[in-house]
>>> print(open('model_26.pdb').read())   # PDB, C-alpha atoms
MODEL        1
ATOM      1  CA  GLU A 237      -7.129   5.133 -18.295  1.00  0.00           C
ATOM      2  CA  ASP A 238      -6.354   3.921 -14.781  1.00  0.00           C
ATOM      3  CA  LYS A 239      -2.668   3.698 -14.024  1.00  0.00           C
ATOM      4  CA  VAL A 240      -0.193   3.198 -11.199  1.00  0.00           C
ATOM      5  CA  VAL A 241       3.390   4.391 -11.548  1.00  0.00           C
ATOM      6  CA  GLN A 242       6.213   3.342  -9.280  1.00  0.00           C
ATOM      7  CA  SER A 243       9.653   4.812  -8.840  1.00  0.00           C
ATOM      8  CA  PRO A 244      12.425   4.024  -8.932  1.00  0.00           C
ATOM      9  CA  LEU A 245      12.071   0.949 -11.139  1.00  0.00           C
ATOM     10  CA  SER A 246      15.158  -0.560  -9.567  1.00  0.00           C
ATOM     11  CA  LEU A 247      17.336   0.154  -6.598  1.00  0.00           C
ATOM     12  CA  VAL A 248      20.557  -1.299  -5.216  1.00  0.00           C
ATOM     13  CA  VAL A 249      21.478  -0.626  -1.598  1.00  0.00           C
ATOM     14  CA  HIS A 250      23.667  -2.132   1.109  1.00  0.00           C
ATOM     15  CA  GLU A 251      22.498  -3.865   4.229  1.00  0.00           C
ATOM     16  CA  GLY A 252      21.547  -1.385   6.902  1.00  0.00           C
ATOM     17  CA  ASP A 253      20.444   1.324   4.488  1.00  0.00           C
ATOM     18  CA  THR A 254      16.963   2.834   4.588  1.00  0.00           C
ATOM     19  CA  VAL A 255      14.973   2.902   1.363  1.00  0.00           C
ATOM     20  CA  THR A 256      11.838   4.717   0.252  1.00  0.00           C
ATOM     21  CA  LEU A 257       9.776   3.391  -2.615  1.00  0.00           C
ATOM     22  CA  ASN A 258       7.305   5.685  -4.327  1.00  0.00           C
ATOM     23  CA  CYS A 259       3.942   5.080  -5.900  1.00  0.00           C
ATOM     24  CA  SER A 260       1.519   7.424  -7.631  1.00  0.00           C
ATOM     25  CA  TYR A 261      -1.888   6.544  -8.975  1.00  0.00           C
ATOM     26  CA  GLU A 262      -4.636   7.832 -11.222  1.00  0.00           C
ATOM     27  CA  VAL A 263      -7.614   5.597 -10.686  1.00  0.00           C
ATOM     28  CA  THR A 264     -11.312   6.189 -11.091  1.00  0.00           C
ATOM     29  CA  ASN A 265     -13.403   5.328  -8.081  1.00  0.00           C
ATOM     30  CA  PHE A 266     -10.320   4.703  -5.955  1.00  0.00           C
ATOM     31  CA  ARG A 267     -10.918   2.473  -2.940  1.00  0.00           C
ATOM     32  CA  SER A 268      -7.572   1.672  -1.420  1.00  0.00           C
ATOM     33  CA  LEU A 269      -3.921   1.030  -2.106  1.00  0.00           C
ATOM     34  CA  LEU A 270      -2.066  -2.208  -1.531  1.00  0.00           C
ATOM     35  CA  TRP A 271       1.603  -3.064  -1.291  1.00  0.00           C
ATOM     36  CA  TYR A 272       2.921  -6.510  -2.148  1.00  0.00           C
ATOM     37  CA  LYS A 273       6.362  -8.124  -2.001  1.00  0.00           C
ATOM     38  CA  GLN A 274       7.245 -10.622  -4.686  1.00  0.00           C
ATOM     39  CA  GLU A 275      10.311 -12.830  -4.492  1.00  0.00           C
ATOM     40  CA  LYS A 276      10.704 -15.805  -6.791  1.00  0.00           C
ATOM     41  CA  LYS A 277       7.160 -16.883  -6.140  1.00  0.00           C
ATOM     42  CA  ALA A 278       3.687 -15.439  -5.664  1.00  0.00           C
ATOM     43  CA  PRO A 279       3.155 -11.861  -4.431  1.00  0.00           C
ATOM     44  CA  THR A 280       2.812 -11.605  -0.666  1.00  0.00           C
ATOM     45  CA  PHE A 281       0.425  -9.054   0.790  1.00  0.00           C
ATOM     46  CA  LEU A 282       2.079  -6.363   2.947  1.00  0.00           C
ATOM     47  CA  PHE A 283      -0.300  -3.478   3.575  1.00  0.00           C
ATOM     48  CA  MET A 284      -3.688  -2.111   2.677  1.00  0.00           C
ATOM     49  CA  LEU A 285      -4.068   1.668   2.961  1.00  0.00           C
ATOM     50  CA  THR A 286      -7.451   3.303   2.779  1.00  0.00           C
ATOM     51  CA  SER A 287      -7.221   6.438   4.888  1.00  0.00           C
ATOM     52  CA  SER A 288      -4.893   9.307   4.150  1.00  0.00           C
ATOM     53  CA  GLY A 289      -2.132  10.122   6.612  1.00  0.00           C
ATOM     54  CA  ILE A 290      -2.352   6.987   8.731  1.00  0.00           C
ATOM     55  CA  GLU A 291       0.879   5.028   8.779  1.00  0.00           C
ATOM     56  CA  LYS A 292       0.810   1.247   8.714  1.00  0.00           C
ATOM     57  CA  LYS A 293       3.808  -0.527  10.219  1.00  0.00           C
ATOM     58  CA  SER A 294       5.062  -4.073  10.235  1.00  0.00           C
ATOM     59  CA  GLY A 295       8.494  -4.502  11.721  1.00  0.00           C
ATOM     60  CA  ARG A 296      10.976  -2.567   9.609  1.00  0.00           C
ATOM     61  CA  LEU A 297       8.408  -1.807   6.941  1.00  0.00           C
ATOM     62  CA  SER A 298       5.987   1.093   7.000  1.00  0.00           C
ATOM     63  CA  SER A 299       3.717   2.756   4.510  1.00  0.00           C
ATOM     64  CA  ILE A 300       1.503   5.792   4.268  1.00  0.00           C
ATOM     65  CA  LEU A 301      -1.086   7.076   1.808  1.00  0.00           C
ATOM     66  CA  ASP A 302      -1.564  10.668   0.687  1.00  0.00           C
ATOM     67  CA  LYS A 303      -4.915  10.955  -1.067  1.00  0.00           C
ATOM     68  CA  LYS A 304      -4.416  14.626  -1.820  1.00  0.00           C
ATOM     69  CA  GLU A 305      -1.218  13.877  -3.743  1.00  0.00           C
ATOM     70  CA  LEU A 306      -2.560  10.529  -5.050  1.00  0.00           C
ATOM     71  CA  SER A 307       0.541   8.801  -3.819  1.00  0.00           C
ATOM     72  CA  SER A 308       1.993   6.401  -1.323  1.00  0.00           C
ATOM     73  CA  ILE A 309       5.436   5.527  -0.020  1.00  0.00           C
ATOM     74  CA  LEU A 310       6.844   2.309   1.362  1.00  0.00           C
ATOM     75  CA  ASN A 311       9.783   2.658   3.745  1.00  0.00           C
ATOM     76  CA  ILE A 312      12.146  -0.103   4.720  1.00  0.00           C
ATOM     77  CA  THR A 313      14.627   0.661   7.489  1.00  0.00           C
ATOM     78  CA  ALA A 314      17.805  -1.293   8.310  1.00  0.00           C
ATOM     79  CA  THR A 315      17.498  -3.295   5.100  1.00  0.00           C
ATOM     80  CA  GLN A 316      18.567  -6.930   4.991  1.00  0.00           C
ATOM     81  CA  THR A 317      19.448  -9.177   2.061  1.00  0.00           C
ATOM     82  CA  GLY A 318      16.121 -10.923   2.605  1.00  0.00           C
ATOM     83  CA  ASP A 319      14.357  -7.696   1.631  1.00  0.00           C
ATOM     84  CA  SER A 320      15.589  -8.161  -1.946  1.00  0.00           C
ATOM     85  CA  ALA A 321      12.444  -8.531  -4.028  1.00  0.00           C
ATOM     86  CA  ILE A 322      10.061  -6.765  -6.356  1.00  0.00           C
ATOM     87  CA  TYR A 323       7.712  -4.450  -4.490  1.00  0.00           C
ATOM     88  CA  LEU A 324       4.362  -3.945  -6.159  1.00  0.00           C
ATOM     89  CA  CYS A 325       2.066  -1.015  -5.580  1.00  0.00           C
ATOM     90  CA  VAL A 326      -1.529  -1.778  -6.455  1.00  0.00           C
ATOM     91  CA  ALA A 327      -4.576   0.474  -6.545  1.00  0.00           C
ATOM     92  CA  VAL A 328      -8.049  -0.907  -5.925  1.00  0.00           C
ATOM     93  CA  SER A 329     -10.756   0.481  -8.168  1.00  0.00           C
ATOM     94  CA  GLY A 330     -14.498   0.340  -7.888  1.00  0.00           C
ATOM     95  CA  ASN A 331     -16.902  -1.660  -5.833  1.00  0.00           C
ATOM     96  CA  THR A 332     -15.653  -4.959  -7.154  1.00  0.00           C
ATOM     97  CA  GLY A 333     -12.073  -4.583  -5.996  1.00  0.00           C
ATOM     98  CA  LYS A 334     -10.356  -4.660  -9.359  1.00  0.00           C
ATOM     99  CA  LEU A 335      -6.590  -4.257  -8.939  1.00  0.00           C
ATOM    100  CA  ILE A 336      -4.420  -1.976 -11.045  1.00  0.00           C
ATOM    101  CA  PHE A 337      -0.765  -2.954 -10.710  1.00  0.00           C
ATOM    102  CA  GLY A 338       2.269  -0.704 -10.913  1.00  0.00           C
ATOM    103  CA  GLN A 339       5.354  -1.898 -12.786  1.00  0.00           C
ATOM    104  CA  GLY A 340       7.088  -2.777  -9.548  1.00  0.00           C
ATOM    105  CA  THR A 341      10.335  -1.615  -7.956  1.00  0.00           C
ATOM    106  CA  THR A 342      13.117  -4.192  -7.945  1.00  0.00           C
ATOM    107  CA  LEU A 343      15.122  -3.833  -4.757  1.00  0.00           C
ATOM    108  CA  GLN A 344      18.483  -5.514  -4.363  1.00  0.00           C
ATOM    109  CA  VAL A 345      20.132  -5.412  -0.949  1.00  0.00           C
ATOM    110  CA  LYS A 346      23.821  -6.274  -1.013  1.00  0.00           C
ATOM    111  CA  PRO A 347      25.615  -7.662   2.039  1.00  0.00           C
TER     112      PRO A 347
ATOM    113  CA  ASP B  41      -5.989 -21.912   6.677  1.00  0.00           C
ATOM    114  CA  ALA B  42      -3.963 -23.547   3.908  1.00  0.00           C
ATOM    115  CA  GLY B  43      -4.151 -20.472   1.722  1.00  0.00           C
ATOM    116  CA  VAL B  44      -4.959 -20.505  -1.959  1.00  0.00           C
ATOM    117  CA  ILE B  45      -4.124 -23.861  -3.499  1.00  0.00           C
ATOM    118  CA  GLN B  46      -3.190 -24.318  -7.139  1.00  0.00           C
ATOM    119  CA  SER B  47      -2.435 -27.380  -9.171  1.00  0.00           C
ATOM    120  CA  PRO B  48      -0.393 -28.465 -10.908  1.00  0.00           C
ATOM    121  CA  ARG B  49       2.642 -26.429  -9.839  1.00  0.00           C
ATOM    122  CA  HIS B  50       4.408 -27.118 -13.106  1.00  0.00           C
ATOM    123  CA  GLU B  51       2.999 -28.140 -16.470  1.00  0.00           C
ATOM    124  CA  VAL B  52       4.926 -28.879 -19.635  1.00  0.00           C
ATOM    125  CA  THR B  53       2.852 -29.609 -22.693  1.00  0.00           C
ATOM    126  CA  GLU B  54       3.106 -29.614 -26.441  1.00  0.00           C
ATOM    127  CA  MET B  55       1.579 -27.018 -28.659  1.00  0.00           C
ATOM    128  CA  GLY B  56      -2.010 -27.843 -29.529  1.00  0.00           C
ATOM    129  CA  GLN B  57      -2.748 -29.738 -26.333  1.00  0.00           C
ATOM    130  CA  GLU B  58      -5.428 -28.780 -23.857  1.00  0.00           C
ATOM    131  CA  VAL B  59      -4.236 -27.456 -20.493  1.00  0.00           C
ATOM    132  CA  THR B  60      -6.360 -27.196 -17.354  1.00  0.00           C
ATOM    133  CA  LEU B  61      -5.198 -25.244 -14.326  1.00  0.00           C
ATOM    134  CA  ARG B  62      -6.987 -25.593 -11.017  1.00  0.00           C
ATOM    135  CA  CYS B  63      -7.509 -23.360  -8.020  1.00  0.00           C
ATOM    136  CA  LYS B  64      -9.040 -23.672  -4.569  1.00  0.00           C
ATOM    137  CA  PRO B  65      -9.574 -20.251  -2.972  1.00  0.00           C
ATOM    138  CA  ILE B  66      -9.415 -19.485   0.729  1.00  0.00           C
ATOM    139  CA  SER B  67     -12.620 -20.605   2.376  1.00  0.00           C
ATOM    140  CA  GLY B  68     -15.097 -17.786   2.860  1.00  0.00           C
ATOM    141  CA  HIS B  69     -13.576 -15.479   0.265  1.00  0.00           C
ATOM    142  CA  ASP B  70     -16.081 -13.960  -2.130  1.00  0.00           C
ATOM    143  CA  TYR B  71     -13.728 -13.102  -4.994  1.00  0.00           C
ATOM    144  CA  LEU B  72     -11.453 -15.232  -7.143  1.00  0.00           C
ATOM    145  CA  PHE B  73      -8.978 -13.883  -9.675  1.00  0.00           C
ATOM    146  CA  TRP B  74      -6.849 -15.477 -12.399  1.00  0.00           C
ATOM    147  CA  TYR B  75      -3.617 -13.741 -13.412  1.00  0.00           C
ATOM    148  CA  ARG B  76      -0.827 -14.439 -15.862  1.00  0.00           C
ATOM    149  CA  GLN B  77       2.727 -13.249 -15.289  1.00  0.00           C
ATOM    150  CA  THR B  78       5.510 -12.973 -17.856  1.00  0.00           C
ATOM    151  CA  MET B  79       8.767 -11.068 -17.882  1.00  0.00           C
ATOM    152  CA  MET B  80       7.586  -8.981 -20.810  1.00  0.00           C
ATOM    153  CA  ARG B  81       4.164  -7.943 -19.537  1.00  0.00           C
ATOM    154  CA  GLY B  82       4.314  -8.403 -15.782  1.00  0.00           C
ATOM    155  CA  LEU B  83       1.129  -9.401 -13.955  1.00  0.00           C
ATOM    156  CA  GLU B  84      -2.022  -9.349 -16.087  1.00  0.00           C
ATOM    157  CA  LEU B  85      -5.536  -9.919 -14.790  1.00  0.00           C
ATOM    158  CA  LEU B  86      -7.328 -12.457 -16.967  1.00  0.00           C
ATOM    159  CA  ILE B  87     -10.720 -12.859 -15.295  1.00  0.00           C
ATOM    160  CA  TYR B  88     -12.360 -12.591 -11.904  1.00  0.00           C
ATOM    161  CA  PHE B  89     -15.415 -14.035 -10.205  1.00  0.00           C
ATOM    162  CA  ASN B  90     -17.658 -12.757  -7.431  1.00  0.00           C
ATOM    163  CA  ASN B  91     -19.634 -15.451  -5.630  1.00  0.00           C
ATOM    164  CA  ASN B  92     -18.851 -17.874  -8.469  1.00  0.00           C
ATOM    165  CA  VAL B  93     -20.148 -15.516 -11.162  1.00  0.00           C
ATOM    166  CA  PRO B  94     -17.681 -14.155 -13.779  1.00  0.00           C
ATOM    167  CA  ILE B  95     -17.619 -10.381 -13.479  1.00  0.00           C
ATOM    168  CA  ASP B  96     -14.928  -9.228 -15.865  1.00  0.00           C
ATOM    169  CA  ASP B  97     -13.240 -11.409 -18.462  1.00  0.00           C
ATOM    170  CA  SER B  98     -11.867  -8.582 -20.579  1.00  0.00           C
ATOM    171  CA  GLY B  99      -8.338  -9.699 -19.835  1.00  0.00           C
ATOM    172  CA  MET B 100      -8.779 -13.146 -21.355  1.00  0.00           C
ATOM    173  CA  PRO B 101      -6.454 -13.112 -24.374  1.00  0.00           C
ATOM    174  CA  GLU B 102      -8.672 -14.916 -26.852  1.00  0.00           C
ATOM    175  CA  ASP B 103     -11.243 -17.636 -27.278  1.00  0.00           C
ATOM    176  CA  ARG B 104      -8.688 -20.325 -26.556  1.00  0.00           C
ATOM    177  CA  PHE B 105      -8.906 -19.326 -22.888  1.00  0.00           C
ATOM    178  CA  SER B 106     -11.898 -20.148 -20.715  1.00  0.00           C
ATOM    179  CA  ALA B 107     -12.516 -20.142 -16.980  1.00  0.00           C
ATOM    180  CA  LYS B 108     -15.205 -21.640 -14.795  1.00  0.00           C
ATOM    181  CA  MET B 109     -16.129 -21.567 -11.137  1.00  0.00           C
ATOM    182  CA  PRO B 110     -18.698 -24.303 -10.540  1.00  0.00           C
ATOM    183  CA  ASN B 111     -18.738 -23.722  -6.779  1.00  0.00           C
ATOM    184  CA  ALA B 112     -17.241 -21.516  -4.081  1.00  0.00           C
ATOM    185  CA  SER B 113     -14.252 -23.762  -3.523  1.00  0.00           C
ATOM    186  CA  PHE B 114     -13.057 -24.554  -7.031  1.00  0.00           C
ATOM    187  CA  SER B 115     -12.142 -22.837 -10.268  1.00  0.00           C
ATOM    188  CA  THR B 116     -10.460 -23.895 -13.494  1.00  0.00           C
ATOM    189  CA  LEU B 117      -8.646 -22.038 -16.238  1.00  0.00           C
ATOM    190  CA  LYS B 118      -8.497 -23.927 -19.502  1.00  0.00           C
ATOM    191  CA  ILE B 119      -6.396 -23.267 -22.590  1.00  0.00           C
ATOM    192  CA  GLN B 120      -7.386 -25.149 -25.724  1.00  0.00           C
ATOM    193  CA  PRO B 121      -5.409 -25.390 -27.928  1.00  0.00           C
ATOM    194  CA  SER B 122      -2.271 -24.217 -26.171  1.00  0.00           C
ATOM    195  CA  GLU B 123       0.459 -22.249 -27.962  1.00  0.00           C
ATOM    196  CA  PRO B 124       4.094 -21.503 -27.023  1.00  0.00           C
ATOM    197  CA  ARG B 125       3.203 -17.859 -26.318  1.00  0.00           C
ATOM    198  CA  ASP B 126       0.945 -19.061 -23.508  1.00  0.00           C
ATOM    199  CA  SER B 127       4.037 -20.048 -21.526  1.00  0.00           C
ATOM    200  CA  ALA B 128       3.903 -18.078 -18.282  1.00  0.00           C
ATOM    201  CA  VAL B 129       3.198 -18.380 -14.579  1.00  0.00           C
ATOM    202  CA  TYR B 130      -0.524 -18.437 -13.891  1.00  0.00           C
ATOM    203  CA  PHE B 131      -1.628 -17.223 -10.470  1.00  0.00           C
ATOM    204  CA  CYS B 132      -4.942 -17.633  -8.767  1.00  0.00           C
ATOM    205  CA  ALA B 133      -5.842 -15.205  -5.968  1.00  0.00           C
ATOM    206  CA  SER B 134      -8.810 -14.744  -3.680  1.00  0.00           C
ATOM    207  CA  SER B 135     -10.028 -11.858  -1.571  1.00  0.00           C
ATOM    208  CA  PRO B 136     -12.563 -11.632   1.248  1.00  0.00           C
ATOM    209  CA  GLY B 137     -14.770  -8.921  -0.262  1.00  0.00           C
ATOM    210  CA  GLN B 138     -17.095  -6.840   1.914  1.00  0.00           C
ATOM    211  CA  GLY B 139     -14.740  -3.912   1.957  1.00  0.00           C
ATOM    212  CA  ARG B 140     -11.568  -5.978   2.270  1.00  0.00           C
ATOM    213  CA  TYR B 141      -9.723  -5.788  -1.003  1.00  0.00           C
ATOM    214  CA  GLU B 142      -6.414  -7.441  -0.283  1.00  0.00           C
ATOM    215  CA  GLN B 143      -5.828 -10.451  -2.463  1.00  0.00           C
ATOM    216  CA  TYR B 144      -4.016 -13.573  -1.376  1.00  0.00           C
ATOM    217  CA  PHE B 145      -2.138 -15.340  -4.113  1.00  0.00           C
ATOM    218  CA  GLY B 146      -1.616 -19.032  -4.648  1.00  0.00           C
ATOM    219  CA  PRO B 147       1.849 -20.416  -5.441  1.00  0.00           C
ATOM    220  CA  GLY B 148       1.217 -20.290  -9.180  1.00  0.00           C
ATOM    221  CA  THR B 149       1.375 -22.805 -12.000  1.00  0.00           C
ATOM    222  CA  ARG B 150       4.403 -22.522 -14.271  1.00  0.00           C
ATOM    223  CA  LEU B 151       3.203 -23.481 -17.756  1.00  0.00           C
ATOM    224  CA  THR B 152       5.634 -24.290 -20.545  1.00  0.00           C
ATOM    225  CA  VAL B 153       4.246 -24.977 -24.000  1.00  0.00           C
ATOM    226  CA  THR B 154       6.783 -26.421 -26.416  1.00  0.00           C
TER     227      THR B 154
ENDMDL
END
>>> encode(input="model_26.pdb", output="structure tokens")
Amino acid sequence: EDKVVQSPLSLVVHEGDTVTLNCSYEVTNFRSLLWYKQEKKAPTFLFMLTSSGIEKKSGRLSSILDKKELSSILNITATQTGDSAIYLCVAVSGNTGKLIFGQGTTLQVKP
Amino acid sequence: DAGVIQSPRHEVTEMGQEVTLRCKPISGHDYLFWYRQTMMRGLELLIYFNNNVPIDDSGMPEDRFSAKMPNASFSTLKIQPSEPRDSAVYFCASSPGQGRYEQYFGPGTRLTVT
């Protein structure tokens, strides 16, 4: 059965800290891995990772995929209270782009 | 682009009533997805369409749920009759296809069945 596992499930840090969120996947016919941020609304797309070892960056956020280890990490440097959210790791399976969602990591950044 | 548009944003209805949720995907996107989100079960895929054709409806809970996509710019999710356990946030998402798998979510419809 396809599955995506994220860790930790929840995390509390202080502003300015750096955090690393982990994701591992077991997916048949893996295509790519997506990261989303969800606050009190719809998930917002962050990154799509298809190639191993190539880092994607957007401001203070960065992510990398390791296809050998079937895993990905999402780094957030100099965290801010606005980074508080649920971060979803999602694997894309098959030709039709079906998404398999992880449980999410709930990040709380305290001032 | 306006993004994925959903309506209504909030719906409160009584048990047994019919509920229709609507979605307009991003123009040019080949795929449309319907999800349900609850605290207990997280995000669940209900059904998705490719070029207006339903591809996988294995996530639809039961026969009370049905979805249609009559054209590339409109889809509906209908619940008839509704039950209190259907209360959730229902998201519609679309993705470009052709090797681009990222999905863009609409704002969601918060459904409360009393």
>>> interface_residues(input="model_26.pdb", of="chain B", to="chain A", cutoff="9 Å", atoms="all atoms listed in the file", output="short mmCIF file (atom, residue, chain, number, x, y, z; two decimals) with C-alpha atoms, in the coordinates of the input")
data_model
loop_
_atom_site.label_atom_id
_atom_site.label_comp_id
_atom_site.auth_asym_id
_atom_site.auth_seq_id
_atom_site.Cartn_x
_atom_site.Cartn_y
_atom_site.Cartn_z
CA TYR B 71 -13.73 -13.10 -4.99
CA GLY B 82 4.31 -8.40 -15.78
CA LEU B 83 1.13 -9.40 -13.96
CA GLU B 84 -2.02 -9.35 -16.09
CA LEU B 85 -5.54 -9.92 -14.79
CA TYR B 88 -12.36 -12.59 -11.90
CA ASN B 90 -17.66 -12.76 -7.43
CA ILE B 95 -17.62 -10.38 -13.48
CA PHE B 131 -1.63 -17.22 -10.47
CA SER B 135 -10.03 -11.86 -1.57
CA GLY B 137 -14.77 -8.92 -0.26
CA GLY B 139 -14.74 -3.91 1.96
CA ARG B 140 -11.57 -5.98 2.27
CA TYR B 141 -9.72 -5.79 -1.00
CA GLU B 142 -6.41 -7.44 -0.28
CA GLN B 143 -5.83 -10.45 -2.46
CA TYR B 144 -4.02 -13.57 -1.38
CA PHE B 145 -2.14 -15.34 -4.11
CA GLY B 146 -1.62 -19.03 -4.65
CA PRO B 147 1.85 -20.42 -5.44
CA GLY B 148 1.22 -20.29 -9.18
#
>>> atom_distance(input="model_26.pdb", atom1="atom CA of Leu61 of chain B", atom2="atom CA of Glu123 of chain B")
15.1 Å
>>> resolve_selection(input="model_26.pdb", expression="the PyMOL selection byres ((chain A and resi 304) around 12)", output="PDB file with C-alpha atoms, keeping the file's coordinate frame")
ATOM      1  CA  SER A 260       1.519   7.424  -7.631  1.00  0.00           C
ATOM      2  CA  TYR A 261      -1.888   6.544  -8.975  1.00  0.00           C
ATOM      3  CA  GLU A 262      -4.636   7.832 -11.222  1.00  0.00           C
ATOM      4  CA  SER A 287      -7.221   6.438   4.888  1.00  0.00           C
ATOM      5  CA  SER A 288      -4.893   9.307   4.150  1.00  0.00           C
ATOM      6  CA  GLY A 289      -2.132  10.122   6.612  1.00  0.00           C
ATOM      7  CA  LEU A 301      -1.086   7.076   1.808  1.00  0.00           C
ATOM      8  CA  ASP A 302      -1.564  10.668   0.687  1.00  0.00           C
ATOM      9  CA  LYS A 303      -4.915  10.955  -1.067  1.00  0.00           C
ATOM     10  CA  GLU A 305      -1.218  13.877  -3.743  1.00  0.00           C
ATOM     11  CA  LEU A 306      -2.560  10.529  -5.050  1.00  0.00           C
ATOM     12  CA  SER A 307       0.541   8.801  -3.819  1.00  0.00           C
ATOM     13  CA  SER A 308       1.993   6.401  -1.323  1.00  0.00           C
TER      14      SER A 308
END
>>> closest_residue(input="model_26.pdb", among="B:Ala128, B:Ala42, B:Lys118, B:Phe105", to="Met80 of chain B", atoms="all atoms listed in the file")
B:Ala128
>>> resolve_selection(input="model_26.pdb", expression="the PyMOL selection byres ((chain B and resi 97) around 12)", output="PyMOL selection string")
(chain A and resi 334) or (chain B and resi 73-75+84-90+93-96+98-103+105-108+117)
>>> closest_residue(input="model_26.pdb", among="A:Asn258, A:Asn265, A:Thr342, A:Thr313", to="Val240 of chain A", atoms="only C-alpha atoms")
A:Asn258
>>> resolve_selection(input="model_26.pdb", expression="the PyMOL selection byres ((chain B and resi 122) around 9)", output="list in words")
Thr53, Glu54, Met55, Gly56, Gln57, Glu58, Val59, Arg104, Phe105, Ile119, Gln120, Pro121, Glu123, Pro124, Arg125, Asp126, Ser127 and Val153 of chain B
>>> closest_residue(input="model_26.pdb", among="B:Asn92, B:Ser134, B:Ser115, B:Gln77", to="Cys63 of chain B", atoms="all atoms listed in the file")
B:Ser115
>>> residues_near_point(input="model_26.pdb", point="(-1.0, -30.3, -10.5)", cutoff="9 Å", atoms="only C-alpha atoms", output="PyMOL selection string")
chain B and resi 46-51+61-62+149
>>> residues_around(input="model_26.pdb", residues="Leu343 of chain A", least_positions_apart="3", cutoff="9 Å", atoms="only C-alpha atoms", output="PyMOL selection string")
chain A and resi 245-249+319-323
>>> atom_distance(input="model_26.pdb", atom1="atom CA of Thr315 of chain A", atom2="atom CA of Lys293 of chain A")
14.9 Å
>>> build_atoms(input="model_26.pdb", residues="segment 55-68 of chain B", atoms="N, CA, C and O atoms", output="PDB file, in the frame of the given file")
ATOM      1  N   MET B  55       2.477 -27.917 -27.945  1.00  0.00           N
ATOM      2  CA  MET B  55       1.579 -27.018 -28.659  1.00  0.00           C
ATOM      3  C   MET B  55       0.378 -27.794 -29.203  1.00  0.00           C
ATOM      4  O   MET B  55       0.531 -28.895 -29.735  1.00  0.00           O
ATOM      5  N   GLY B  56      -0.799 -27.217 -29.021  1.00  0.00           N
ATOM      6  CA  GLY B  56      -2.010 -27.843 -29.529  1.00  0.00           C
ATOM      7  C   GLY B  56      -2.768 -28.649 -28.485  1.00  0.00           C
ATOM      8  O   GLY B  56      -3.941 -28.966 -28.681  1.00  0.00           O
ATOM      9  N   GLN B  57      -2.100 -28.962 -27.383  1.00  0.00           N
ATOM     10  CA  GLN B  57      -2.748 -29.738 -26.333  1.00  0.00           C
ATOM     11  C   GLN B  57      -3.626 -28.844 -25.459  1.00  0.00           C
ATOM     12  O   GLN B  57      -3.419 -27.634 -25.368  1.00  0.00           O
ATOM     13  N   GLU B  58      -4.580 -29.493 -24.811  1.00  0.00           N
ATOM     14  CA  GLU B  58      -5.428 -28.780 -23.857  1.00  0.00           C
ATOM     15  C   GLU B  58      -4.747 -28.757 -22.498  1.00  0.00           C
ATOM     16  O   GLU B  58      -4.159 -29.757 -22.066  1.00  0.00           O
ATOM     17  N   VAL B  59      -4.831 -27.606 -21.829  1.00  0.00           N
ATOM     18  CA  VAL B  59      -4.236 -27.456 -20.493  1.00  0.00           C
ATOM     19  C   VAL B  59      -5.328 -26.996 -19.544  1.00  0.00           C
ATOM     20  O   VAL B  59      -6.103 -26.084 -19.877  1.00  0.00           O
ATOM     21  N   THR B  60      -5.406 -27.613 -18.378  1.00  0.00           N
ATOM     22  CA  THR B  60      -6.360 -27.196 -17.354  1.00  0.00           C
ATOM     23  C   THR B  60      -5.625 -26.894 -16.066  1.00  0.00           C
ATOM     24  O   THR B  60      -4.926 -27.762 -15.523  1.00  0.00           O
ATOM     25  N   LEU B  61      -5.792 -25.673 -15.588  1.00  0.00           N
ATOM     26  CA  LEU B  61      -5.198 -25.244 -14.326  1.00  0.00           C
ATOM     27  C   LEU B  61      -6.302 -25.159 -13.289  1.00  0.00           C
ATOM     28  O   LEU B  61      -7.423 -24.735 -13.604  1.00  0.00           O
ATOM     29  N   ARG B  62      -5.972 -25.510 -12.062  1.00  0.00           N
ATOM     30  CA  ARG B  62      -6.987 -25.593 -11.017  1.00  0.00           C
ATOM     31  C   ARG B  62      -6.648 -24.701  -9.828  1.00  0.00           C
ATOM     32  O   ARG B  62      -5.471 -24.473  -9.521  1.00  0.00           O
ATOM     33  N   CYS B  63      -7.699 -24.259  -9.153  1.00  0.00           N
ATOM     34  CA  CYS B  63      -7.509 -23.360  -8.020  1.00  0.00           C
ATOM     35  C   CYS B  63      -8.575 -23.603  -6.965  1.00  0.00           C
ATOM     36  O   CYS B  63      -9.759 -23.748  -7.287  1.00  0.00           O
ATOM     37  N   LYS B  64      -8.124 -23.625  -5.726  1.00  0.00           N
ATOM     38  CA  LYS B  64      -9.040 -23.672  -4.569  1.00  0.00           C
ATOM     39  C   LYS B  64      -8.793 -22.401  -3.776  1.00  0.00           C
ATOM     40  O   LYS B  64      -7.725 -22.224  -3.186  1.00  0.00           O
ATOM     41  N   PRO B  65      -9.785 -21.500  -3.707  1.00  0.00           N
ATOM     42  CA  PRO B  65      -9.574 -20.251  -2.972  1.00  0.00           C
ATOM     43  C   PRO B  65      -9.624 -20.471  -1.466  1.00  0.00           C
ATOM     44  O   PRO B  65      -9.984 -21.559  -0.991  1.00  0.00           O
ATOM     45  N   ILE B  66      -9.292 -19.429  -0.726  1.00  0.00           N
ATOM     46  CA  ILE B  66      -9.415 -19.485   0.729  1.00  0.00           C
ATOM     47  C   ILE B  66     -10.906 -19.540   1.081  1.00  0.00           C
ATOM     48  O   ILE B  66     -11.715 -18.797   0.512  1.00  0.00           O
ATOM     49  N   SER B  67     -11.231 -20.412   1.992  1.00  0.00           N
ATOM     50  CA  SER B  67     -12.620 -20.605   2.376  1.00  0.00           C
ATOM     51  C   SER B  67     -13.226 -19.304   2.897  1.00  0.00           C
ATOM     52  O   SER B  67     -12.617 -18.601   3.711  1.00  0.00           O
ATOM     53  N   GLY B  68     -14.420 -18.988   2.394  1.00  0.00           N
ATOM     54  CA  GLY B  68     -15.097 -17.786   2.860  1.00  0.00           C
ATOM     55  C   GLY B  68     -14.824 -16.539   2.032  1.00  0.00           C
ATOM     56  O   GLY B  68     -15.467 -15.512   2.226  1.00  0.00           O
TER      57      GLY B  68
END
